[in-house]
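Novice: What follows is a structure written as structure tokens; I'll ask about it next.
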2 protein chains.
Amino acid sequence: MQTLNTTEQQIIEAARKIFMHRGLAGARMQDIADEAGINKAMLHYYYRSKEKLFEIVFWEAIDQLLVRVNAVLAEKMPVQDKIGAAVSHYITTLSDNPYLPLFVLNEIQQNPERIVQRFLHAPLFPNVQVFIKEIAAAMEQGVFRKVNPGQLMISIISMCIFPFVAKPLLQAAFTVNDVQFGMMMEERKKFVTDFVMHALRP
Amino acid sequence: MQTLNTTEQQIIEAARKIFMHRGLAGARMQDIADEAGINKAMLHYYYRSKEKLFEIVFWEAIDQLLVRVNAVLAEKMPVQDKIGAAVSHYITTLSDNPYLPLFVLNEIQQNPERIVQRFLHAPLFPNVQVFIKEIAAAMEQGVFRKVNPGQLMISIISMCIFPFVAKPLLQAAFTVNDVQFGMMMEERKKFVTDFVMHALRP
DNA sequence: CAGGAGTTTAACCAAATGGTTAAATAAGAG
DNA sequence: CTCTTATTTAACCATTTGGTTAAACTCCTG
């Protein structure tokens, strides 16, 4: 993520930009080279192949989309606050990287084995399990209404990520520019948190 | 959608399958020809180019994802029921076409102009406006708690569509096969409807 | 400053890909 | 049955694309 001026880093940054926008199939090595302001052969000198370069960008993106959220859920605070913290963190991250989720989800569908394999070897978010248990406990205590925790998790994640996946569509539907969209998403942090808390009232 | 045995129809069906799975950039004309069991030249005989073939598949998909939902919202029934009907209809449609939303959203991001242009010429879902007004009215009457209608719409749509966009990811996370996933989505109809209704309780 | 390792470039290559063409075949009208 | 039109095929073509190579350049060390 940091902007080091070494050629290797410039390549990764260029690759990230091109791959995120065009996907693996749509990205051209020449475009990555142009974006990095270097010769096409340099790409192969530093990273043997398109596939290799892609893997680096892809797993970095996975880390941002899945793994880091995990850390937020590990923090010590009441469940009620944790929901708001997770939502807020997620929307902030995606506001800074709007192309991230569609890129990741698309490439996962193109090649599900890649991700399935990693899920088997090392669970990508153990803290989600903890979070789910905390919610379940709150339901038992009557703090929250009892609902299916899995469906709840999917719903919260959906409300956070989907607007970014559908960004161009929403912008066309609501006729808002990038700045206005950013404001909508900022406002959305509170909306989603409140929405979930109200839905969980006993 | 119907399975006519004419060559033209076979081509469209093959194109739909390949384009939906691989996207415009990832799809190969040869693969479409193979899928249709015909010669590659036939594709160009009936549909001049890859782009032309793609446009047909794409707008058919848009129709399924956006336009048809509009019809459900036009039916005459109380708002409360309409929410459940829309959610149910959406999840059913997507269960039958799991690849549809990711395909559409991805291609829109690849070329937003395409869709923006159509939004300008003919609003894709006028009934959504009606629906939003009905919800606003219900809020005024105190039937629903007052929330931002736009954010509400985005939330409902998110909860319906996102699980299908993230299908392979969710299947890996929850370790469920296609059949089990289908059951989760069936169960989800009630969950989302209840969730929204509870969140809107005054 | 000599020379060697690491870096960069231009030219090139083989395979893949969208698209074309001309000939062959099927089919319908008279 | 024949001739014309629509359909289908195999062979071909130009361009694009990921990848390679050998030469050139830079920069550091002794």
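Ligands are numbered from 1 in the order shown, chains are lettered A, B, ... in the order of the structure tokens, and residues start at 1 in each chain.
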Would you tabulate, counting only C-alpha atoms (C1' of nucleotides), all residues of chain A that have an atom at most 10 Å from an atom of chain C, showing the closest pair of atoms and their distance in Å to one decimal, sorted by chain then ascending number, as CSV?

Specialist:
residue,atom,partner,partner_atom,distance
A:Thr7,CA,C:DT7,C1',9.9
A:Ile38,CA,C:DT8,C1',8.6
A:Asn39,CA,C:DT9,C1',7.0
A:Lys40,CA,C:DT9,C1',9.4
A:Ala41,CA,C:DT9,C1',8.3
A:Met42,CA,C:DT8,C1',7.4
A:Tyr45,CA,C:DT7,C1',9.3

Novice: Give the alpha helix (DSSP H) residues of region 15-49 of chain B, as assigned by DSSP on the backbone, as a PyMOL selection string.

Specialist: chain B and resi 15-26+29-36+40-46

Novice: Write the residues you've just listed into a file as a PDB file, in the first residue's frame, and include N, CA and C atoms for each of them.

Specialist:
ATOM      1  N   ALA B  15     -24.070 -18.343 -25.782  1.00  0.00           N
ATOM      2  CA  ALA B  15     -23.416 -17.063 -25.465  1.00  0.00           C
ATOM      3  C   ALA B  15     -23.748 -16.642 -24.045  1.00  0.00           C
ATOM      4  N   ARG B  16     -25.016 -16.789 -23.671  1.00  0.00           N
ATOM      5  CA  ARG B  16     -25.413 -16.419 -22.311  1.00  0.00           C
ATOM      6  C   ARG B  16     -24.603 -17.197 -21.285  1.00  0.00           C
ATOM      7  N   LYS B  17     -24.521 -18.491 -21.501  1.00  0.00           N
ATOM      8  CA  LYS B  17     -23.786 -19.326 -20.544  1.00  0.00           C
ATOM      9  C   LYS B  17     -22.320 -18.901 -20.441  1.00  0.00           C
ATOM     10  N   ILE B  18     -21.664 -18.765 -21.577  1.00  0.00           N
ATOM     11  CA  ILE B  18     -20.230 -18.423 -21.572  1.00  0.00           C
ATOM     12  C   ILE B  18     -19.996 -17.012 -21.042  1.00  0.00           C
ATOM     13  N   PHE B  19     -20.752 -16.050 -21.540  1.00  0.00           N
ATOM     14  CA  PHE B  19     -20.575 -14.659 -21.081  1.00  0.00           C
ATOM     15  C   PHE B  19     -20.832 -14.529 -19.582  1.00  0.00           C
ATOM     16  N   MET B  20     -21.888 -15.164 -19.110  1.00  0.00           N
ATOM     17  CA  MET B  20     -22.226 -15.063 -17.688  1.00  0.00           C
ATOM     18  C   MET B  20     -21.109 -15.624 -16.818  1.00  0.00           C
ATOM     19  N   HIS B  21     -20.513 -16.723 -17.266  1.00  0.00           N
ATOM     20  CA  HIS B  21     -19.467 -17.341 -16.455  1.00  0.00           C
ATOM     21  C   HIS B  21     -18.144 -16.610 -16.558  1.00  0.00           C
ATOM     22  N   ARG B  22     -17.786 -16.203 -17.775  1.00  0.00           N
ATOM     23  CA  ARG B  22     -16.435 -15.668 -17.965  1.00  0.00           C
ATOM     24  C   ARG B  22     -16.384 -14.151 -18.153  1.00  0.00           C
ATOM     25  N   GLY B  23     -17.510 -13.523 -18.401  1.00  0.00           N
ATOM     26  CA  GLY B  23     -17.499 -12.088 -18.669  1.00  0.00           C
ATOM     27  C   GLY B  23     -17.118 -11.796 -20.100  1.00  0.00           C
ATOM     28  N   LEU B  24     -17.280 -10.551 -20.509  1.00  0.00           N
ATOM     29  CA  LEU B  24     -16.984 -10.164 -21.892  1.00  0.00           C
ATOM     30  C   LEU B  24     -15.522 -10.429 -22.226  1.00  0.00           C
ATOM     31  N   ALA B  25     -14.621  -9.943 -21.384  1.00  0.00           N
ATOM     32  CA  ALA B  25     -13.191 -10.073 -21.663  1.00  0.00           C
ATOM     33  C   ALA B  25     -12.723 -11.525 -21.617  1.00  0.00           C
ATOM     34  N   GLY B  26     -13.304 -12.304 -20.729  1.00  0.00           N
ATOM     35  CA  GLY B  26     -12.838 -13.674 -20.544  1.00  0.00           C
ATOM     36  C   GLY B  26     -13.468 -14.674 -21.492  1.00  0.00           C
ATOM     37  N   MET B  29     -14.898 -16.677 -28.346  1.00  0.00           N
ATOM     38  CA  MET B  29     -15.876 -16.999 -29.380  1.00  0.00           C
ATOM     39  C   MET B  29     -15.881 -18.495 -29.673  1.00  0.00           C
ATOM     40  N   GLN B  30     -14.703 -19.103 -29.652  1.00  0.00           N
ATOM     41  CA  GLN B  30     -14.603 -20.538 -29.906  1.00  0.00           C
ATOM     42  C   GLN B  30     -15.383 -21.333 -28.861  1.00  0.00           C
ATOM     43  N   ASP B  31     -15.304 -20.895 -27.607  1.00  0.00           N
ATOM     44  CA  ASP B  31     -16.025 -21.584 -26.533  1.00  0.00           C
ATOM     45  C   ASP B  31     -17.530 -21.496 -26.741  1.00  0.00           C
ATOM     46  N   ILE B  32     -17.983 -20.322 -27.173  1.00  0.00           N
ATOM     47  CA  ILE B  32     -19.411 -20.156 -27.439  1.00  0.00           C
ATOM     48  C   ILE B  32     -19.835 -21.081 -28.574  1.00  0.00           C
ATOM     49  N   ALA B  33     -19.017 -21.132 -29.618  1.00  0.00           N
ATOM     50  CA  ALA B  33     -19.317 -22.013 -30.753  1.00  0.00           C
ATOM     51  C   ALA B  33     -19.371 -23.469 -30.297  1.00  0.00           C
ATOM     52  N   ASP B  34     -18.374 -23.888 -29.528  1.00  0.00           N
ATOM     53  CA  ASP B  34     -18.344 -25.257 -29.009  1.00  0.00           C
ATOM     54  C   ASP B  34     -19.591 -25.552 -28.183  1.00  0.00           C
ATOM     55  N   GLU B  35     -19.907 -24.620 -27.276  1.00  0.00           N
ATOM     56  CA  GLU B  35     -21.071 -24.791 -26.407  1.00  0.00           C
ATOM     57  C   GLU B  35     -22.348 -24.963 -27.234  1.00  0.00           C
ATOM     58  N   ALA B  36     -22.445 -24.217 -28.338  1.00  0.00           N
ATOM     59  CA  ALA B  36     -23.623 -24.310 -29.199  1.00  0.00           C
ATOM     60  C   ALA B  36     -23.523 -25.477 -30.172  1.00  0.00           C
ATOM     61  N   LYS B  40     -17.448 -21.771 -35.632  1.00  0.00           N
ATOM     62  CA  LYS B  40     -17.206 -20.410 -35.154  1.00  0.00           C
ATOM     63  C   LYS B  40     -17.739 -19.349 -36.130  1.00  0.00           C
ATOM     64  N   ALA B  41     -17.664 -19.649 -37.418  1.00  0.00           N
ATOM     65  CA  ALA B  41     -18.104 -18.677 -38.426  1.00  0.00           C
ATOM     66  C   ALA B  41     -19.600 -18.393 -38.333  1.00  0.00           C
ATOM     67  N   MET B  42     -20.340 -19.367 -37.824  1.00  0.00           N
ATOM     68  CA  MET B  42     -21.792 -19.198 -37.680  1.00  0.00           C
ATOM     69  C   MET B  42     -22.121 -18.034 -36.755  1.00  0.00           C
ATOM     70  N   LEU B  43     -21.320 -17.855 -35.740  1.00  0.00           N
ATOM     71  CA  LEU B  43     -21.554 -16.756 -34.796  1.00  0.00           C
ATOM     72  C   LEU B  43     -21.559 -15.435 -35.537  1.00  0.00           C
ATOM     73  N   HIS B  44     -20.602 -15.282 -36.436  1.00  0.00           N
ATOM     74  CA  HIS B  44     -20.509 -14.027 -37.172  1.00  0.00           C
ATOM     75  C   HIS B  44     -21.557 -13.939 -38.277  1.00  0.00           C
ATOM     76  N   TYR B  45     -21.994 -15.094 -38.749  1.00  0.00           N
ATOM     77  CA  TYR B  45     -23.045 -15.110 -39.772  1.00  0.00           C
ATOM     78  C   TYR B  45     -24.352 -14.568 -39.179  1.00  0.00           C
ATOM     79  N   TYR B  46     -24.682 -15.005 -37.975  1.00  0.00           N
ATOM     80  CA  TYR B  46     -25.946 -14.589 -37.361  1.00  0.00           C
ATOM     81  C   TYR B  46     -25.836 -13.281 -36.568  1.00  0.00           C
TER      82      TYR B  46
END

Novice: Please report, as CSV, each residue of chain D lying at most 9 Å from chain A, together with the nearest pair of atoms and the separation in Å rounded to one decimal; use only C-alpha atoms (C1' of nucleotides), and order rows by chain and ascending residue number.

Specialist:
residue,atom,partner,partner_atom,distance
D:DT17,C1',A:Arg28,CA,7.7
D:DG18,C1',A:Met29,CA,7.5
D:DG19,C1',A:His44,CA,7.8
D:DT20,C1',A:Ala41,CA,8.7

Novice: If we count only C-alpha atoms (C1' of nucleotides), what is near Lys76 (chain A) at a cut-off of 12 Å, once residues fewer than 3 positions away on the same chain are taken out, given as JSON, numbers by chain?

Specialist: {"A": [71, 72, 73, 79, 80, 81, 82, 85, 127, 130, 131, 134]}

Novice: Under the rule of at most 8 Å, produce a per-residue listing of chain A near chain B: chain, number, name, the closest pair of atoms, and the distance in Å, as JSON lines, using only C-alpha atoms.

Specialist:
{"residue": "A:His21", "atom": "CA", "partner": "B:Gln110", "partner_atom": "CA", "distance": 7.3}
{"residue": "A:Arg22", "atom": "CA", "partner": "B:Gln110", "partner_atom": "CA", "distance": 6.8}
{"residue": "A:Ala25", "atom": "CA", "partner": "B:Gly26", "partner_atom": "CA", "distance": 5.2}
{"residue": "A:Gly26", "atom": "CA", "partner": "B:Ala25", "partner_atom": "CA", "distance": 5.2}
{"residue": "A:Leu102", "atom": "CA", "partner": "B:Asn106", "partner_atom": "CA", "distance": 7.0}
{"residue": "A:Leu105", "atom": "CA", "partner": "B:Ala166", "partner_atom": "CA", "distance": 6.1}
{"residue": "A:Asn106", "atom": "CA", "partner": "B:Leu102", "partner_atom": "CA", "distance": 7.0}
{"residue": "A:Ile108", "atom": "CA", "partner": "B:Pro168", "partner_atom": "CA", "distance": 6.9}
{"residue": "A:Gln109", "atom": "CA", "partner": "B:Pro168", "partner_atom": "CA", "distance": 6.2}
{"residue": "A:Gln110", "atom": "CA", "partner": "B:Arg22", "partner_atom": "CA", "distance": 6.8}
{"residue": "A:Pro112", "atom": "CA", "partner": "B:Pro168", "partner_atom": "CA", "distance": 6.3}
{"residue": "A:Ile115", "atom": "CA", "partner": "B:Leu169", "partner_atom": "CA", "distance": 7.6}
{"residue": "A:Val116", "atom": "CA", "partner": "B:Ala172", "partner_atom": "CA", "distance": 5.5}
{"residue": "A:Phe119", "atom": "CA", "partner": "B:Ala172", "partner_atom": "CA", "distance": 6.6}
{"residue": "A:Gln151", "atom": "CA", "partner": "B:Arg188", "partner_atom": "CA", "distance": 7.0}
{"residue": "A:Ile154", "atom": "CA", "partner": "B:Pro163", "partner_atom": "CA", "distance": 7.2}
{"residue": "A:Ser155", "atom": "CA", "partner": "B:Met159", "partner_atom": "CA", "distance": 5.5}
{"residue": "A:Ser158", "atom": "CA", "partner": "B:Phe162", "partner_atom": "CA", "distance": 5.4}
{"residue": "A:Met159", "atom": "CA", "partner": "B:Ser155", "partner_atom": "CA", "distance": 5.4}
{"residue": "A:Phe162", "atom": "CA", "partner": "B:Ser158", "partner_atom": "CA", "distance": 5.4}
{"residue": "A:Pro163", "atom": "CA", "partner": "B:Ser158", "partner_atom": "CA", "distance": 7.1}
{"residue": "A:Val165", "atom": "CA", "partner": "B:Leu105", "partner_atom": "CA", "distance": 7.0}
{"residue": "A:Ala166", "atom": "CA", "partner": "B:Leu105", "partner_atom": "CA", "distance": 6.1}
{"residue": "A:Pro168", "atom": "CA", "partner": "B:Gln109", "partner_atom": "CA", "distance": 6.2}
{"residue": "A:Leu169", "atom": "CA", "partner": "B:Ile108", "partner_atom": "CA", "distance": 7.2}
{"residue": "A:Ala172", "atom": "CA", "partner": "B:Val116", "partner_atom": "CA", "distance": 5.5}
{"residue": "A:Ala173", "atom": "CA", "partner": "B:Phe119", "partner_atom": "CA", "distance": 7.1}
{"residue": "A:Arg188", "atom": "CA", "partner": "B:Gln151", "partner_atom": "CA", "distance": 7.0}
{"residue": "A:Phe191", "atom": "CA", "partner": "B:Gln151", "partner_atom": "CA", "distance": 7.3}
{"residue": "A:Val192", "atom": "CA", "partner": "B:Ser155", "partner_atom": "CA", "distance": 8.0}
{"residue": "A:Phe195", "atom": "CA", "partner": "B:Ala199", "partner_atom": "CA", "distance": 5.7}
{"residue": "A:Val196", "atom": "CA", "partner": "B:Ala199", "partner_atom": "CA", "distance": 6.8}
{"residue": "A:Met197", "atom": "CA", "partner": "B:Ala199", "partner_atom": "CA", "distance": 7.7}
{"residue": "A:His198", "atom": "CA", "partner": "B:Ala199", "partner_atom": "CA", "distance": 4.8}
{"residue": "A:Ala199", "atom": "CA", "partner": "B:Ala199", "partner_atom": "CA", "distance": 3.8}
{"residue": "A:Leu200", "atom": "CA", "partner": "B:Ala199", "partner_atom": "CA", "distance": 7.5}
{"residue": "A:Arg201", "atom": "CA", "partner": "B:His198", "partner_atom": "CA", "distance": 8.0}

Novice: Could you please take those selected residues and save C-alpha atoms as a PDB file, in the first residue's frame?

Specialist:
ATOM      1  CA  HIS A  21     -10.230  -2.049 -12.925  1.00  0.00           C
ATOM      2  CA  ARG A  22     -10.109  -4.652 -15.664  1.00  0.00           C
ATOM      3  CA  ALA A  25      -8.816 -11.563 -18.107  1.00  0.00           C
ATOM      4  CA  GLY A  26      -9.251  -7.927 -19.123  1.00  0.00           C
ATOM      5  CA  LEU A 102     -16.102  -6.361  -7.096  1.00  0.00           C
ATOM      6  CA  LEU A 105     -15.687 -11.362  -5.768  1.00  0.00           C
ATOM      7  CA  ASN A 106     -15.353 -11.588  -9.510  1.00  0.00           C
ATOM      8  CA  ILE A 108     -13.239 -15.722  -6.748  1.00  0.00           C
ATOM      9  CA  GLN A 109     -16.070 -16.740  -9.009  1.00  0.00           C
ATOM     10  CA  GLN A 110     -13.699 -17.150 -11.947  1.00  0.00           C
ATOM     11  CA  PRO A 112     -13.254 -20.615  -6.627  1.00  0.00           C
ATOM     12  CA  ILE A 115     -10.046 -19.330  -2.183  1.00  0.00           C
ATOM     13  CA  VAL A 116     -11.625 -22.606  -1.129  1.00  0.00           C
ATOM     14  CA  PHE A 119     -10.288 -21.598   3.705  1.00  0.00           C
ATOM     15  CA  GLN A 151     -28.228 -14.809   8.213  1.00  0.00           C
ATOM     16  CA  ILE A 154     -24.596 -12.100   5.860  1.00  0.00           C
ATOM     17  CA  SER A 155     -27.027  -9.215   6.132  1.00  0.00           C
ATOM     18  CA  SER A 158     -24.266  -7.281   2.485  1.00  0.00           C
ATOM     19  CA  MET A 159     -25.362  -3.821   3.581  1.00  0.00           C
ATOM     20  CA  PHE A 162     -22.986  -4.226  -1.797  1.00  0.00           C
ATOM     21  CA  PRO A 163     -23.272  -0.470  -2.332  1.00  0.00           C
ATOM     22  CA  VAL A 165     -20.161  -3.480  -5.731  1.00  0.00           C
ATOM     23  CA  ALA A 166     -23.083  -1.672  -7.332  1.00  0.00           C
ATOM     24  CA  PRO A 168     -21.812   2.744 -10.863  1.00  0.00           C
ATOM     25  CA  LEU A 169     -25.378   1.466 -10.933  1.00  0.00           C
ATOM     26  CA  ALA A 172     -26.696   6.261 -12.291  1.00  0.00           C
ATOM     27  CA  ALA A 173     -29.933   5.547 -10.406  1.00  0.00           C
ATOM     28  CA  ARG A 188     -24.625   5.034   5.625  1.00  0.00           C
ATOM     29  CA  PHE A 191     -27.923   4.177   8.992  1.00  0.00           C
ATOM     30  CA  VAL A 192     -26.782   0.554   8.845  1.00  0.00           C
ATOM     31  CA  PHE A 195     -30.995  -0.277  11.200  1.00  0.00           C
ATOM     32  CA  VAL A 196     -29.395  -3.422  12.603  1.00  0.00           C
ATOM     33  CA  MET A 197     -29.774  -2.311  16.232  1.00  0.00           C
ATOM     34  CA  HIS A 198     -33.457  -1.572  15.693  1.00  0.00           C
ATOM     35  CA  ALA A 199     -33.999  -4.865  13.907  1.00  0.00           C
ATOM     36  CA  LEU A 200     -32.458  -6.671  16.864  1.00  0.00           C
ATOM     37  CA  ARG A 201     -34.556  -4.934  19.529  1.00  0.00           C
TER      38      ARG A 201
END

Novice: Quick check, in Å to one decimal: how far apart do CA of Leu100 (chain B) and CA of Gln64 (chain B) lie?

Specialist: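 Distance reported for this atom pair: 8.4 Å.
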